[in-house]
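See below for the structure under consideration.
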Amino acid sequence: MDDVDRSGFGAAGRGGRSLEDGPPIDRIESVFSIYEVHREDDRLVYYGDPLTNPNRVMEELWPEFRAHGYDANLETRHGEYVLVAEPTTVGVDGIPWTNLVLLFATVCSTLFAGAMWYQIDPFTDPAAIWRAWPFTVAILGVLGVHEMGHYVMSRYHQVDASLPYFIPVPTLIGTMGAVIKMKGRMPDRKALFDIGVAGPLAGLVATVVVTVIGLHLPPVTVSQAVVQDPNAIRIELGYPPLLELLAAGFDRPLYRNDPATSVNPVVVGAWVGMFVTFLNLIPVGQLDGGHILRAMVGDFQETIAALVPGALFALAGYLYYFQEYNLNTVGVWVIWGFLTTLFASMGPATPVRDDRLDLGRSVLGAVTFGLGLLCFMPIPVVVTGP
């Protein structure tokens with residue numbers, strides 16, 4: 001580490017960056033009195049004393065540092081206040097090999113899962129799983145558009161974020177969804193709201209398109225031998241109101257009471273998009289719903305988030321004790337009860353500038369939560385059989 005006195009702000013650090021790359025010293029000292037400066041590789045480290053509330057220091061200086069290409073944070077070291085500024089970039093550096101490998105693996109896992117929805121046995125005829133490509137395109141399409149909504153809005157607000165990471169898992173749908181990693185801090189409530197709401201809204205648009213296409217594709221039929229087989233496993237999906245409305249609006253059947261016929265697997269891909277939208281809009285922690293609600297109501301979001309796990313456990317209990325569904329059916333809400341407890345304990349994202357959100361965005365947030373309720377189904381999946 002190089003010690004630099006206050007006359008040495010032109011000294012270059014590793015990578016060619018210098019102390020002059022940061023905001024003007026007089027701007028920093030308007031809220032933070034500096035008595036020592038260090039350069040640690042590419043980081044600028046200012047020792048000093050806040051001239052106002054420490055939280056106010058970051059509200060004032062963080063935009064200045066961001067404008068100069070740094071992400072700044074106020075911390076303490078050995079009882080001293082330290083303003084640490086680290087270089088940051090927005091965008092993708094090089095080829096995202098991890099993202100591409102996970103995408104390829106998820107293509108394979110969703111083809112495998114989709115084959116079973118098409119009544120293709122991937123074990124006896126593995127070469128035929130490619131015929132499940134419409135299912136793979138549908139499910140990766142709605143998930144990818146959702147995550148790219150977050151990514152594009154992150155770039156718009158100059159918040160560093162990764163490209164989507166798809167998660168391949170050997171489940172009924174072949175994936176556990178996709179995520180992006182937020183690397184930068186939220187500058188204000190507008191950015192927090194916009195980034196949070198962009199994913200669900202973009203994903204819902206893609207989901208509606210996929211739903212309409214899937215409803216017009218031919219259904220999948222099951223042979224009578226399979227229908228009458230006592231060892232056969234039957235999977236029934238619960239349909240959310242949005243799917244019911246689209247099916248009624250286009251006068252397309254959902255084959256709910258026909259054990260020998262089911263909707264085209266592309267509709268199943270759209271169903272995944274709706275279910276993921278609802279789960280992401282649960283208003284806890286750093287889920288999309290947590291971001292949106294935190295931007296709308298501030299710290300009161302944590303009070304609401306604390307009630308969510310109890311509501312999910314209560315839903316599971318009601319379905320188990322009063323509707324007599326088994327644990328395999330209601331277990332999804334038990335799992336999400338524990339997950340939301342964890343997410344709520346981790347807390348929401350806190351923007352640097354915590355000013356009130358404008359009315360237009362608040363209305364859009366309420367509409368988004370309403371759309372999320374249209375994607376809710378109390379019984380997502382029922383599996384019957386041996």
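Ordering of the structure tokens sets the chain letters (A, B, ...), residue numbers begin anew at 1 in every chain, and ligands are numbered from 1 in the order given.
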I'd like the contact shell of Lys190 of chain A - 12 Å cut-off, only C-alpha atoms, skipping same-chain residues fewer than 2 positions apart - returned as a short mmCIF file (atom, residue, chain, number, x, y, z; two decimals) with all heavy atoms, in the first residue's frame.
```
data_model
loop_
_atom_site.label_atom_id
_atom_site.label_comp_id
_atom_site.auth_asym_id
_atom_site.auth_seq_id
_atom_site.Cartn_x
_atom_site.Cartn_y
_atom_site.Cartn_z
N MET A 153 -32.70 -2.74 -17.42
CA MET A 153 -32.98 -1.60 -16.56
C MET A 153 -31.80 -1.30 -15.64
O MET A 153 -31.56 -0.13 -15.28
CB MET A 153 -34.25 -1.86 -15.75
CG MET A 153 -34.85 -0.61 -15.13
SD MET A 153 -35.18 0.73 -16.32
CE MET A 153 -36.44 -0.03 -17.34
N SER A 154 -31.05 -2.33 -15.26
CA SER A 154 -29.83 -2.09 -14.48
C SER A 154 -28.83 -1.28 -15.28
O SER A 154 -28.21 -0.34 -14.77
CB SER A 154 -29.20 -3.42 -14.05
OG SER A 154 -30.05 -4.16 -13.21
N TYR A 156 -29.57 0.75 -17.67
CA TYR A 156 -30.14 2.09 -17.83
C TYR A 156 -29.81 2.97 -16.63
O TYR A 156 -29.48 4.14 -16.78
CB TYR A 156 -31.66 1.99 -18.00
CG TYR A 156 -32.36 3.33 -18.05
CD1 TYR A 156 -32.35 4.10 -19.21
CD2 TYR A 156 -33.02 3.83 -16.92
CE1 TYR A 156 -32.99 5.34 -19.25
CE2 TYR A 156 -33.66 5.05 -16.95
CZ TYR A 156 -33.64 5.80 -18.12
OH TYR A 156 -34.27 7.03 -18.15
N HIS A 157 -29.88 2.37 -15.43
CA HIS A 157 -29.59 3.13 -14.20
C HIS A 157 -28.12 3.02 -13.80
O HIS A 157 -27.76 3.45 -12.71
CB HIS A 157 -30.48 2.65 -13.06
CG HIS A 157 -31.90 3.13 -13.16
ND1 HIS A 157 -32.26 4.43 -12.88
CD2 HIS A 157 -33.03 2.50 -13.53
CE1 HIS A 157 -33.59 4.58 -13.04
NE2 HIS A 157 -34.06 3.43 -13.44
N MET A 186 -27.84 0.49 -5.26
CA MET A 186 -28.99 1.19 -5.83
C MET A 186 -28.87 2.68 -5.54
O MET A 186 -28.81 3.09 -4.37
CB MET A 186 -30.28 0.66 -5.22
CG MET A 186 -30.59 -0.77 -5.59
SD MET A 186 -30.96 -0.94 -7.34
CE MET A 186 -31.13 -2.72 -7.44
N PRO A 187 -28.85 3.53 -6.56
CA PRO A 187 -28.67 4.95 -6.31
C PRO A 187 -29.86 5.61 -5.62
O PRO A 187 -29.68 6.51 -4.81
CB PRO A 187 -28.45 5.54 -7.71
CG PRO A 187 -29.04 4.54 -8.64
CD PRO A 187 -28.83 3.21 -8.00
N ASP A 188 -31.08 5.19 -5.94
CA ASP A 188 -32.27 5.81 -5.34
C ASP A 188 -33.45 4.87 -5.48
O ASP A 188 -33.35 3.77 -6.03
CB ASP A 188 -32.56 7.17 -6.00
CG ASP A 188 -32.57 7.07 -7.53
OD1 ASP A 188 -33.06 6.06 -8.06
OD2 ASP A 188 -32.09 8.02 -8.17
N LEU A 192 -34.31 1.39 -7.80
CA LEU A 192 -34.72 0.17 -7.12
C LEU A 192 -36.05 -0.32 -7.66
O LEU A 192 -36.23 -1.51 -7.95
CB LEU A 192 -34.81 0.42 -5.61
CG LEU A 192 -35.24 -0.75 -4.74
CD1 LEU A 192 -34.25 -1.89 -4.84
CD2 LEU A 192 -35.40 -0.30 -3.28
N PHE A 193 -36.98 0.60 -7.84
CA PHE A 193 -38.30 0.24 -8.35
C PHE A 193 -38.20 -0.23 -9.80
O PHE A 193 -38.75 -1.28 -10.17
CB PHE A 193 -39.25 1.43 -8.25
CG PHE A 193 -40.62 1.16 -8.81
CD1 PHE A 193 -41.61 0.61 -8.01
CD2 PHE A 193 -40.92 1.44 -10.14
CE1 PHE A 193 -42.88 0.34 -8.53
CE2 PHE A 193 -42.17 1.17 -10.66
CZ PHE A 193 -43.15 0.62 -9.86
N ASP A 194 -37.55 0.56 -10.64
CA ASP A 194 -37.49 0.24 -12.06
C ASP A 194 -36.84 -1.10 -12.32
O ASP A 194 -37.32 -1.90 -13.14
CB ASP A 194 -36.74 1.33 -12.82
CG ASP A 194 -37.49 2.65 -12.86
OD1 ASP A 194 -38.68 2.68 -12.49
OD2 ASP A 194 -36.88 3.67 -13.27
N ILE A 195 -35.74 -1.38 -11.62
CA ILE A 195 -35.05 -2.66 -11.81
C ILE A 195 -35.91 -3.81 -11.29
O ILE A 195 -36.00 -4.87 -11.91
CB ILE A 195 -33.69 -2.63 -11.11
CG1 ILE A 195 -32.76 -1.62 -11.80
CG2 ILE A 195 -33.04 -4.01 -11.11
CD1 ILE A 195 -31.46 -1.35 -11.06
N GLY A 196 -36.58 -3.58 -10.15
CA GLY A 196 -37.42 -4.63 -9.59
C GLY A 196 -38.64 -4.94 -10.43
O GLY A 196 -39.00 -6.10 -10.63
N VAL A 197 -39.28 -3.92 -10.97
CA VAL A 197 -40.54 -4.12 -11.69
C VAL A 197 -40.31 -4.56 -13.13
O VAL A 197 -41.20 -5.19 -13.74
CB VAL A 197 -41.39 -2.83 -11.65
CG1 VAL A 197 -40.95 -1.83 -12.73
CG2 VAL A 197 -42.88 -3.13 -11.77
N ALA A 198 -39.16 -4.27 -13.70
CA ALA A 198 -38.92 -4.57 -15.12
C ALA A 198 -38.97 -6.06 -15.40
O ALA A 198 -39.49 -6.48 -16.45
CB ALA A 198 -37.57 -3.99 -15.56
N HIS A 291 -38.12 -5.55 -3.65
CA HIS A 291 -37.58 -4.32 -4.23
C HIS A 291 -38.70 -3.30 -4.50
O HIS A 291 -38.58 -2.12 -4.16
CB HIS A 291 -36.87 -4.63 -5.55
CG HIS A 291 -35.57 -5.33 -5.40
ND1 HIS A 291 -34.72 -5.12 -4.34
CD2 HIS A 291 -34.95 -6.25 -6.20
CE1 HIS A 291 -33.63 -5.87 -4.49
NE2 HIS A 291 -33.75 -6.57 -5.60
N ILE A 292 -39.76 -3.77 -5.13
CA ILE A 292 -40.85 -2.87 -5.52
C ILE A 292 -41.50 -2.25 -4.29
O ILE A 292 -41.71 -1.03 -4.22
CB ILE A 292 -41.89 -3.63 -6.36
CG1 ILE A 292 -41.27 -4.11 -7.67
CG2 ILE A 292 -43.11 -2.75 -6.65
CD1 ILE A 292 -42.13 -5.11 -8.44
N LEU A 293 -41.83 -3.10 -3.30
CA LEU A 293 -42.51 -2.58 -2.11
C LEU A 293 -41.59 -1.68 -1.30
O LEU A 293 -42.04 -0.67 -0.75
CB LEU A 293 -43.03 -3.73 -1.26
CG LEU A 293 -44.00 -3.33 -0.15
CD1 LEU A 293 -45.27 -2.72 -0.75
CD2 LEU A 293 -44.36 -4.53 0.72
N ARG A 294 -40.30 -2.02 -1.21
CA ARG A 294 -39.36 -1.16 -0.48
C ARG A 294 -39.29 0.23 -1.11
O ARG A 294 -39.24 1.25 -0.42
CB ARG A 294 -37.98 -1.81 -0.46
CG ARG A 294 -36.86 -0.95 0.16
CD ARG A 294 -37.14 -0.62 1.60
NE ARG A 294 -36.08 0.15 2.21
CZ ARG A 294 -35.89 1.46 2.05
NH1 ARG A 294 -36.72 2.15 1.27
NH2 ARG A 294 -34.89 2.08 2.66
N ALA A 295 -39.31 0.26 -2.45
CA ALA A 295 -39.29 1.55 -3.14
C ALA A 295 -40.59 2.32 -2.91
O ALA A 295 -40.58 3.55 -2.83
CB ALA A 295 -39.07 1.34 -4.64
N MET A 296 -41.70 1.62 -2.76
CA MET A 296 -43.00 2.27 -2.61
C MET A 296 -43.24 2.80 -1.20
O MET A 296 -43.72 3.91 -1.03
CB MET A 296 -44.12 1.30 -3.01
CG MET A 296 -44.17 0.94 -4.49
SD MET A 296 -45.33 -0.39 -4.85
CE MET A 296 -46.90 0.38 -4.40
N GLY A 298 -40.91 2.37 1.65
CA GLY A 298 -39.76 2.57 2.52
C GLY A 298 -39.59 1.45 3.53
O GLY A 298 -39.84 0.28 3.25
N THR A 350 -31.24 -1.38 0.19
CA THR A 350 -31.41 -0.01 0.67
C THR A 350 -30.75 0.96 -0.30
O THR A 350 -29.54 0.89 -0.52
CB THR A 350 -30.78 0.17 2.06
OG1 THR A 350 -31.38 -0.76 2.97
CG2 THR A 350 -31.00 1.59 2.57
N PRO A 351 -31.53 1.83 -0.93
CA PRO A 351 -30.93 2.78 -1.87
C PRO A 351 -30.10 3.84 -1.17
O PRO A 351 -30.33 4.14 0.02
CB PRO A 351 -32.15 3.41 -2.56
CG PRO A 351 -33.26 3.26 -1.57
CD PRO A 351 -32.99 1.99 -0.83
N VAL A 352 -29.12 4.38 -1.87
CA VAL A 352 -28.26 5.41 -1.29
C VAL A 352 -29.10 6.65 -0.97
O VAL A 352 -29.02 7.20 0.12
CB VAL A 352 -27.12 5.75 -2.25
CG1 VAL A 352 -26.27 6.89 -1.68
CG2 VAL A 352 -26.24 4.53 -2.48
N ARG A 353 -29.89 7.10 -1.93
CA ARG A 353 -30.80 8.22 -1.72
C ARG A 353 -32.20 7.66 -1.53
O ARG A 353 -32.75 7.05 -2.44
CB ARG A 353 -30.74 9.19 -2.90
CG ARG A 353 -29.44 9.97 -2.98
CD ARG A 353 -29.50 11.04 -4.04
NE ARG A 353 -28.34 11.93 -3.97
CZ ARG A 353 -28.12 12.95 -4.79
NH1 ARG A 353 -28.99 13.20 -5.77
NH2 ARG A 353 -27.06 13.71 -4.65
N ASP A 354 -32.75 7.89 -0.35
CA ASP A 354 -34.00 7.24 0.02
C ASP A 354 -35.18 8.21 -0.04
O ASP A 354 -36.00 8.28 0.87
CB ASP A 354 -33.88 6.66 1.43
CG ASP A 354 -34.76 5.43 1.62
OD1 ASP A 354 -35.44 5.04 0.65
OD2 ASP A 354 -34.77 4.87 2.73
N ASP A 355 -35.26 8.96 -1.14
CA ASP A 355 -36.35 9.91 -1.30
C ASP A 355 -37.63 9.17 -1.68
O ASP A 355 -37.62 8.05 -2.19
CB ASP A 355 -36.01 10.94 -2.38
CG ASP A 355 -34.77 11.74 -2.03
OD1 ASP A 355 -34.53 11.96 -0.82
OD2 ASP A 355 -34.03 12.13 -2.95
N ARG A 356 -38.76 9.84 -1.46
CA ARG A 356 -40.07 9.24 -1.73
C ARG A 356 -40.24 8.96 -3.23
O ARG A 356 -39.79 9.73 -4.08
CB ARG A 356 -41.18 10.18 -1.24
CG ARG A 356 -42.58 9.58 -1.32
CD ARG A 356 -43.61 10.56 -0.79
NE ARG A 356 -43.37 10.85 0.61
CZ ARG A 356 -43.85 10.12 1.62
NH1 ARG A 356 -44.58 9.04 1.35
NH2 ARG A 356 -43.60 10.46 2.87
N LEU A 357 -40.92 7.85 -3.53
CA LEU A 357 -41.19 7.47 -4.92
C LEU A 357 -42.33 8.31 -5.48
O LEU A 357 -43.25 8.70 -4.75
CB LEU A 357 -41.55 5.98 -4.98
CG LEU A 357 -41.50 5.30 -6.34
CD1 LEU A 357 -40.07 5.21 -6.85
CD2 LEU A 357 -42.12 3.90 -6.26
N ASP A 358 -42.27 8.58 -6.78
CA ASP A 358 -43.32 9.39 -7.40
C ASP A 358 -44.61 8.58 -7.53
O ASP A 358 -44.63 7.35 -7.49
CB ASP A 358 -42.86 9.87 -8.78
CG ASP A 358 -42.54 8.73 -9.72
OD1 ASP A 358 -43.44 8.27 -10.44
OD2 ASP A 358 -41.38 8.27 -9.71
N LEU A 359 -45.73 9.30 -7.70
CA LEU A 359 -47.07 8.69 -7.73
C LEU A 359 -47.22 7.71 -8.89
O LEU A 359 -47.80 6.64 -8.74
CB LEU A 359 -48.13 9.78 -7.81
CG LEU A 359 -49.59 9.29 -7.87
CD1 LEU A 359 -49.95 8.48 -6.64
CD2 LEU A 359 -50.55 10.47 -8.05
N GLY A 360 -46.71 8.08 -10.06
CA GLY A 360 -46.86 7.21 -11.22
C GLY A 360 -46.26 5.83 -11.01
O GLY A 360 -46.88 4.80 -11.33
N ARG A 361 -45.06 5.79 -10.44
CA ARG A 361 -44.42 4.50 -10.17
C ARG A 361 -45.18 3.74 -9.08
O ARG A 361 -45.28 2.50 -9.13
CB ARG A 361 -42.97 4.70 -9.78
CG ARG A 361 -42.04 5.00 -10.96
CD ARG A 361 -40.60 5.14 -10.50
NE ARG A 361 -39.65 5.17 -11.61
CZ ARG A 361 -39.35 6.26 -12.31
NH1 ARG A 361 -39.93 7.42 -11.99
NH2 ARG A 361 -38.48 6.20 -13.30
N SER A 362 -45.70 4.44 -8.09
CA SER A 362 -46.46 3.77 -7.04
C SER A 362 -47.71 3.10 -7.60
O SER A 362 -48.05 1.97 -7.22
CB SER A 362 -46.85 4.79 -5.95
OG SER A 362 -45.70 5.30 -5.30
N GLY A 365 -46.64 0.07 -9.44
CA GLY A 365 -46.32 -0.99 -8.51
C GLY A 365 -47.56 -1.72 -8.03
O GLY A 365 -47.58 -2.96 -7.96
#
```
Residue set, segment 49-268 of chain A restricted to helix (DSSP H, G or I), as a PyMOL selection string: chain A and resi 54-67+97-117+126-156+189-215+224-227+241-249+265-268
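Comparing A:Phe32, A:Phe112, A:Phe135, A:Tyr318 by their smallest distance to Leu74 of chain A, the closest is A:Phe32 (using only C-alpha atoms).
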Per-residue DSSP, segment 32-259 of chain A, filtered to strand (DSSP E or B), as a ChimeraX atom specification: /A:32-40,43-50,70-77,80-87,161,165-168,175-179,182,188,220-221,234-237
Selection above as a file: C-alpha atoms, as a PDB file, in the first residue's frame:
```
ATOM      1  CA  PHE A  32     -16.158  14.769   4.910  1.00  0.00           C
ATOM      2  CA  SER A  33     -13.018  16.390   6.356  1.00  0.00           C
ATOM      3  CA  ILE A  34      -9.974  14.480   5.051  1.00  0.00           C
ATOM      4  CA  TYR A  35      -6.753  14.169   7.050  1.00  0.00           C
ATOM      5  CA  GLU A  36      -5.096  11.263   5.247  1.00  0.00           C
ATOM      6  CA  VAL A  37      -5.325   9.538   1.861  1.00  0.00           C
ATOM      7  CA  HIS A  38      -4.080   6.125   0.756  1.00  0.00           C
ATOM      8  CA  ARG A  39      -4.097   4.346  -2.569  1.00  0.00           C
ATOM      9  CA  GLU A  40      -4.691   0.569  -2.297  1.00  0.00           C
ATOM     10  CA  ARG A  43      -9.010   1.801  -4.616  1.00  0.00           C
ATOM     11  CA  LEU A  44      -8.977   5.315  -3.203  1.00  0.00           C
ATOM     12  CA  VAL A  45      -9.089   5.396   0.601  1.00  0.00           C
ATOM     13  CA  TYR A  46      -9.841   8.637   2.434  1.00  0.00           C
ATOM     14  CA  TYR A  47      -9.477   8.889   6.231  1.00  0.00           C
ATOM     15  CA  GLY A  48     -11.403  11.701   7.831  1.00  0.00           C
ATOM     16  CA  ASP A  49     -14.390  12.847   9.868  1.00  0.00           C
ATOM     17  CA  PRO A  50     -17.974  13.298   8.696  1.00  0.00           C
ATOM     18  CA  TYR A  70     -16.163   4.512  -8.558  1.00  0.00           C
ATOM     19  CA  ASP A  71     -18.468   2.784  -6.099  1.00  0.00           C
ATOM     20  CA  ALA A  72     -17.918   4.410  -2.706  1.00  0.00           C
ATOM     21  CA  ASN A  73     -18.747   3.252   0.791  1.00  0.00           C
ATOM     22  CA  LEU A  74     -18.247   4.775   4.247  1.00  0.00           C
ATOM     23  CA  GLU A  75     -16.863   2.347   6.820  1.00  0.00           C
ATOM     24  CA  THR A  76     -14.792   2.318   9.994  1.00  0.00           C
ATOM     25  CA  ARG A  77     -11.273   0.985  10.544  1.00  0.00           C
ATOM     26  CA  GLU A  80     -11.656   5.843  12.269  1.00  0.00           C
ATOM     27  CA  TYR A  81     -14.061   6.780   9.517  1.00  0.00           C
ATOM     28  CA  VAL A  82     -12.823   5.678   6.096  1.00  0.00           C
ATOM     29  CA  LEU A  83     -14.302   6.540   2.731  1.00  0.00           C
ATOM     30  CA  VAL A  84     -13.389   3.722   0.321  1.00  0.00           C
ATOM     31  CA  ALA A  85     -13.871   4.179  -3.417  1.00  0.00           C
ATOM     32  CA  GLU A  86     -13.462   1.153  -5.681  1.00  0.00           C
ATOM     33  CA  PRO A  87     -13.456   1.291  -9.506  1.00  0.00           C
ATOM     34  CA  ALA A 161     -25.324  -6.557 -12.971  1.00  0.00           C
ATOM     35  CA  TYR A 165     -27.486 -17.470 -14.842  1.00  0.00           C
ATOM     36  CA  PHE A 166     -29.871 -20.315 -15.741  1.00  0.00           C
ATOM     37  CA  ILE A 167     -30.164 -23.090 -13.169  1.00  0.00           C
ATOM     38  CA  PRO A 168     -30.446 -26.654 -14.542  1.00  0.00           C
ATOM     39  CA  THR A 175     -34.838 -25.879 -14.191  1.00  0.00           C
ATOM     40  CA  MET A 176     -35.079 -23.835 -11.029  1.00  0.00           C
ATOM     41  CA  GLY A 177     -35.297 -20.616 -13.032  1.00  0.00           C
ATOM     42  CA  ALA A 178     -32.665 -17.992 -13.669  1.00  0.00           C
ATOM     43  CA  VAL A 179     -31.028 -15.209 -11.677  1.00  0.00           C
ATOM     44  CA  MET A 182     -26.533  -7.351  -8.784  1.00  0.00           C
ATOM     45  CA  ASP A 188     -32.267   5.812  -5.336  1.00  0.00           C
ATOM     46  CA  VAL A 220     -50.887 -34.082 -26.213  1.00  0.00           C
ATOM     47  CA  THR A 221     -52.793 -37.352 -26.077  1.00  0.00           C
ATOM     48  CA  ARG A 234     -50.530 -38.526 -13.148  1.00  0.00           C
ATOM     49  CA  ILE A 235     -49.496 -34.881 -12.913  1.00  0.00           C
ATOM     50  CA  GLU A 236     -52.187 -32.215 -12.708  1.00  0.00           C
ATOM     51  CA  LEU A 237     -51.351 -28.518 -12.849  1.00  0.00           C
TER      52      LEU A 237
END
```
Length of the atom CA of Gly273 of chain A to atom CA of Ala127 of chain A vector [Å]: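 Calculated distance between atom CA of Gly273 of chain A and atom CA of Ala127 of chain A is 27.4 Å.
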Gap from atom CA of Gly174 of chain A to atom CA of Gly238 of chain A - Å, one decimal: 18.4 Å
Distance criterion (only C-alpha atoms): nearest to Gly372 of chain A out of A:Val276, A:Val297, A:Val330, A:Ala311: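 Closest residue, counting only C-alpha atoms: A:Val276.
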Of the listed residues A:Gly370, A:Pro241, A:Pro348, A:Pro170, that which approaches Leu201 of chain A most closely, counting only C-alpha atoms: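 Nearest to Leu201 of chain A: A:Gly370.
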Shell of 9 Å around Ala202 of chain A, only C-alpha atoms, local chain residues under 4 positions omitted, as a list in words: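 What passes the distance filter is Val142, Val145, His146, Glu147, Met148, Gly149, His150, Val197, Ala198, Ala206 and Thr207 of chain A.
Taking atom CA of Arg155 of chain A as the reference point, atom CA of Gly290 of chain A is found at 20.2 Å.
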Of the listed residues A:Leu364, A:Ile233, A:Ile139, A:Val222, that which approaches Gly203 of chain A most closely, counting only C-alpha atoms: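 Between A:Leu364, A:Ile233, A:Ile139, A:Val222, the residue approaching Gly203 of chain A most closely is A:Ile139.
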Nearest candidate to Met346 of chain A (options A:Met58, A:Ile213, A:Ala306, A:Leu245; using only C-alpha atoms): A:Ala306
Non-local contacts of Gln286 of chain A (8 Å; only C-alpha atoms; under 6 positions in same chain excluded) as a ChimeraX atom specification: /A:343,347-349
For Met377 of chain A, find every residue with an atom within 10 Å (counting only C-alpha atoms), except residues of its own chain fewer than 3 positions away, and show them as a PDB file with N, CA, C and O atoms, in the first residue's frame.
```pdb
ATOM      1  N   LEU A 237     -51.760 -29.885 -13.162  1.00  0.00           N
ATOM      2  CA  LEU A 237     -51.351 -28.518 -12.849  1.00  0.00           C
ATOM      3  C   LEU A 237     -52.558 -27.696 -12.438  1.00  0.00           C
ATOM      4  O   LEU A 237     -53.626 -27.792 -13.047  1.00  0.00           O
ATOM      5  N   GLY A 238     -52.362 -26.868 -11.415  1.00  0.00           N
ATOM      6  CA  GLY A 238     -53.387 -25.880 -11.088  1.00  0.00           C
ATOM      7  C   GLY A 238     -53.248 -24.699 -12.032  1.00  0.00           C
ATOM      8  O   GLY A 238     -52.123 -24.282 -12.337  1.00  0.00           O
ATOM      9  N   TYR A 239     -54.350 -24.198 -12.512  1.00  0.00           N
ATOM     10  CA  TYR A 239     -54.293 -23.101 -13.474  1.00  0.00           C
ATOM     11  C   TYR A 239     -54.580 -21.767 -12.790  1.00  0.00           C
ATOM     12  O   TYR A 239     -55.624 -21.614 -12.145  1.00  0.00           O
ATOM     13  N   PRO A 240     -53.689 -20.790 -12.918  1.00  0.00           N
ATOM     14  CA  PRO A 240     -53.925 -19.472 -12.316  1.00  0.00           C
ATOM     15  C   PRO A 240     -54.993 -18.709 -13.094  1.00  0.00           C
ATOM     16  O   PRO A 240     -55.288 -19.025 -14.260  1.00  0.00           O
ATOM     17  N   PRO A 241     -55.601 -17.690 -12.485  1.00  0.00           N
ATOM     18  CA  PRO A 241     -56.651 -16.920 -13.163  1.00  0.00           C
ATOM     19  C   PRO A 241     -56.219 -16.352 -14.510  1.00  0.00           C
ATOM     20  O   PRO A 241     -57.022 -16.307 -15.448  1.00  0.00           O
ATOM     21  N   LEU A 242     -54.950 -15.905 -14.629  1.00  0.00           N
ATOM     22  CA  LEU A 242     -54.509 -15.332 -15.897  1.00  0.00           C
ATOM     23  C   LEU A 242     -54.585 -16.356 -17.021  1.00  0.00           C
ATOM     24  O   LEU A 242     -55.025 -16.036 -18.143  1.00  0.00           O
ATOM     25  N   MET A 274     -45.845 -17.873 -15.271  1.00  0.00           N
ATOM     26  CA  MET A 274     -46.803 -17.277 -14.336  1.00  0.00           C
ATOM     27  C   MET A 274     -46.453 -17.606 -12.893  1.00  0.00           C
ATOM     28  O   MET A 274     -46.497 -16.733 -12.010  1.00  0.00           O
ATOM     29  N   PHE A 275     -46.089 -18.854 -12.646  1.00  0.00           N
ATOM     30  CA  PHE A 275     -45.755 -19.251 -11.277  1.00  0.00           C
ATOM     31  C   PHE A 275     -44.511 -18.521 -10.788  1.00  0.00           C
ATOM     32  O   PHE A 275     -44.456 -18.032  -9.652  1.00  0.00           O
ATOM     33  N   PHE A 278     -45.394 -14.933  -9.863  1.00  0.00           N
ATOM     34  CA  PHE A 278     -46.005 -14.808  -8.535  1.00  0.00           C
ATOM     35  C   PHE A 278     -44.958 -14.938  -7.434  1.00  0.00           C
ATOM     36  O   PHE A 278     -44.916 -14.119  -6.500  1.00  0.00           O
ATOM     37  N   LEU A 373     -51.111 -11.364  -8.513  1.00  0.00           N
ATOM     38  CA  LEU A 373     -52.197 -12.154  -7.920  1.00  0.00           C
ATOM     39  C   LEU A 373     -52.934 -12.970  -8.980  1.00  0.00           C
ATOM     40  O   LEU A 373     -53.449 -14.050  -8.689  1.00  0.00           O
ATOM     41  N   LEU A 374     -52.989 -12.450 -10.212  1.00  0.00           N
ATOM     42  CA  LEU A 374     -53.614 -13.215 -11.295  1.00  0.00           C
ATOM     43  C   LEU A 374     -52.792 -14.454 -11.656  1.00  0.00           C
ATOM     44  O   LEU A 374     -53.284 -15.334 -12.365  1.00  0.00           O
ATOM     45  N   PRO A 380     -50.475 -25.546  -6.916  1.00  0.00           N
ATOM     46  CA  PRO A 380     -49.719 -25.502  -8.171  1.00  0.00           C
ATOM     47  C   PRO A 380     -49.666 -26.847  -8.892  1.00  0.00           C
ATOM     48  O   PRO A 380     -49.887 -26.926 -10.104  1.00  0.00           O
ATOM     49  N   VAL A 381     -49.344 -27.912  -8.164  1.00  0.00           N
ATOM     50  CA  VAL A 381     -49.159 -29.227  -8.786  1.00  0.00           C
ATOM     51  C   VAL A 381     -49.730 -30.309  -7.874  1.00  0.00           C
ATOM     52  O   VAL A 381     -49.514 -30.287  -6.658  1.00  0.00           O
TER      53      VAL A 381
END
```
8 Å contact set for Gly289 of chain A, only C-alpha atoms, chain neighbours under 5 positions out, as a PyMOL selection string: chain A and resi 196-197+280-284+369
Distance query Phe313 of chain A at most 7 Å, only C-alpha atoms, self and fewer than 6 positions along chain excluded, as a ChimeraX atom specification: /A:333-334,337
Output C-alpha atoms for every residue in that selection, as a PDB file, in the first residue's frame.
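part-v9.pdb, freshly written:
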```pdb
ATOM      1  CA  TRP A 333     -45.809 -23.480   0.489  1.00  0.00           C
ATOM      2  CA  VAL A 334     -43.994 -24.947   3.485  1.00  0.00           C
ATOM      3  CA  GLY A 337     -42.526 -20.282   4.113  1.00  0.00           C
TER       4      GLY A 337
END
```
Top pick for closest residue to Phe65 of chain A, considering A:Val363, A:Leu143, A:Leu319, A:Gly22 and counting only C-alpha atoms: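 That would be A:Gly22, the residue with the smallest distance to Phe65 of chain A.
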